[in-house]
Structure formats: structure tokens, C-alpha cells
Amino acid sequence: MLLIDSGHYRSTSDTLGIMDKGASDERLMLSYASGDAVAFEVLYLRHKAPVYRYMLKLCRNKTIAEELFQEVWMKLINARESYVASAKFTTWLYKLAHNQFIDHYRKQTVRIVEDHSTEIDDIAHDQQSTVNPEQQVQIEQSIDQLTKLLDALPNDQREVFLLREEAGMSITEIAETTGINYEAAKSRLRYAIVKLRSGLNEE
């Protein structure tokens, strides 16, 4: 991934240095809107990995995911002066990402070509750091199966699941990000989890 060039301003604040880990996302974005480019760097470093994974797992194509990832951050840069901290920054950021994906998808005359090189390695979070060869094979098989099951989900169910897992959003935040009501978001997430668990249990 290429680092977005945010150098529209020089940093005007000594209070929001790169080591200011305690600053909230909202405070950083407001500071960036006021001219502090260093605040953008902190936001980018904080959120680039989950946003990229979100795009990659939605698109299932690395080239498209890279392009959309860059465009999301360019949208953020262009919208910096109109940003209002009326909601959580992550809700606002992932709404940009959601809209970027939808805009791209609508422009396509054919379905996005699936890139099965996408890997889901988060399933191993609860595994011990040291595993024997047999356990490692089982983990790899589970990851492969989960990848296939996630690919098979309808786009709307896959997205709410990724917003929950990658962005750590609540159902209320998912609903706001995707433009649906609370019950619809809750239902899509429930169906996604049921299908994934059912598929893994069958395997």
C-alpha cells in the first residue's frame, strides 16, 4: 500500500505529535481540518490496516482493493474541512469506505472477479502461539474453509460481518454506516454468523 500524501499543510501544533497516542480520532480529525498534517499521519497509521482488510475482503481482488483504499483516504482528505464530529470518526470513515465500494460496484458491468488469494488469519487469535504440526494443519484448513464461507455470503451480510469484525462496530454504528435500520443490521449480522458457524460445523 502506498502512503497517502497528506502534505497540504505543515504541522501547526506541537500538542498533537506522532507520539500522542491518547488523542481521540475525532480530535485528530478536527486538528487535521485545522491544518495539522501530523494529525492525519496518526489517523492513517491507526486505521490503515483494518480499512484495507475491510476493502480487500469486500472486493476479494487485491488490485481493486488497493485502488479503493487509496480513494477512501483521498475522499477523507478532500472532506477534511467539512468534517463535523457529530458521530464517531470510525463510523464516518467506514461510511466513506462503504460508499466508495458501492460506487465502484455500481459502475461495473460484470461481477467483480474473485481473488481467492484473500486470507483470513484472524481466526487463529484464540489459538496458542505454539502448535504442533497436526494442530497447524487443522488451523489452516479452518482458515481456508472460513474464507470460502465468507466469499459465499451475500454482499450485504458479508459487509456487516466485516464491519463488526474488522472495525469493531456496534450494530447501531453498522446501521448508520450502511444506511439501513437497526433491525436490518442486526438481522444481517445474525444470518451471517449462523451461516458461517453452520458451515464450519458441517466441515
# chains A, B, ... in the order shown; residues from 1 in each chain; ligands from 1
$ residues_around --residues "Val160 (chain A)" --least-positions-apart "3" --cutoff "6 Å" --atoms "only C-alpha atoms" --output "count of residues only"
3
$ residues_around --residues "region 166-169 of chain A" --least-positions-apart "3" --cutoff "9 Å" --atoms "only C-alpha atoms" --output "NGL selection string"
:A and (47 or 50-51 or 53-54 or 90-91 or 94 or 161-163 or 172-174)
$ residues_around --residues "Met55 (chain A)" --least-positions-apart "4" --cutoff "10 Å" --atoms "only C-alpha atoms" --output "PyMOL selection string"
chain A and resi 50-51+59-62+64-69+72+94+97-98+100-101+159+162
$ atom_distance --atom1 "CA of Leu96 (chain A)" --atom2 "CA of Arg27 (chain A)"
18.5 Å
$ atom_distance --atom1 "CA of Ala23 (chain A)" --atom2 "CA of Phe89 (chain A)"
12.3 Å
$ atom_distance --atom1 "CA of Lys48 (chain A)" --atom2 "CA of Leu93 (chain A)"
10.8 Å
$ closest_residue --among "A:Leu30, A:Val38, A:Ala185, A:Leu153" --to "Ala85 (chain A)" --atoms "only C-alpha atoms"
A:Leu30
$ residues_around --residues "region 80-84 of chain A" --least-positions-apart "2" --cutoff "8 Å" --atoms "only C-alpha atoms" --output "VMD selection string"
chain A and resid 29 to 30 32 to 34 76 to 78 86 to 87
$ write_last_selection --atoms "C-alpha atoms" --output "tab-separated table (two decimals), in the first residue's frame"
chain	number	residue	atom	x	y	z
A	29	MET	CA	-9.52	14.78	12.53
A	30	LEU	CA	-10.54	18.22	13.75
A	32	TYR	CA	-6.11	17.92	10.69
A	33	ALA	CA	-9.01	20.01	9.36
A	34	SER	CA	-7.39	22.99	11.07
A	76	LEU	CA	-11.14	11.92	3.64
A	77	ILE	CA	-8.51	14.49	2.68
A	78	ASN	CA	-10.92	16.34	0.42
A	86	SER	CA	-21.30	14.57	15.31
A	87	ALA	CA	-20.62	10.81	15.28
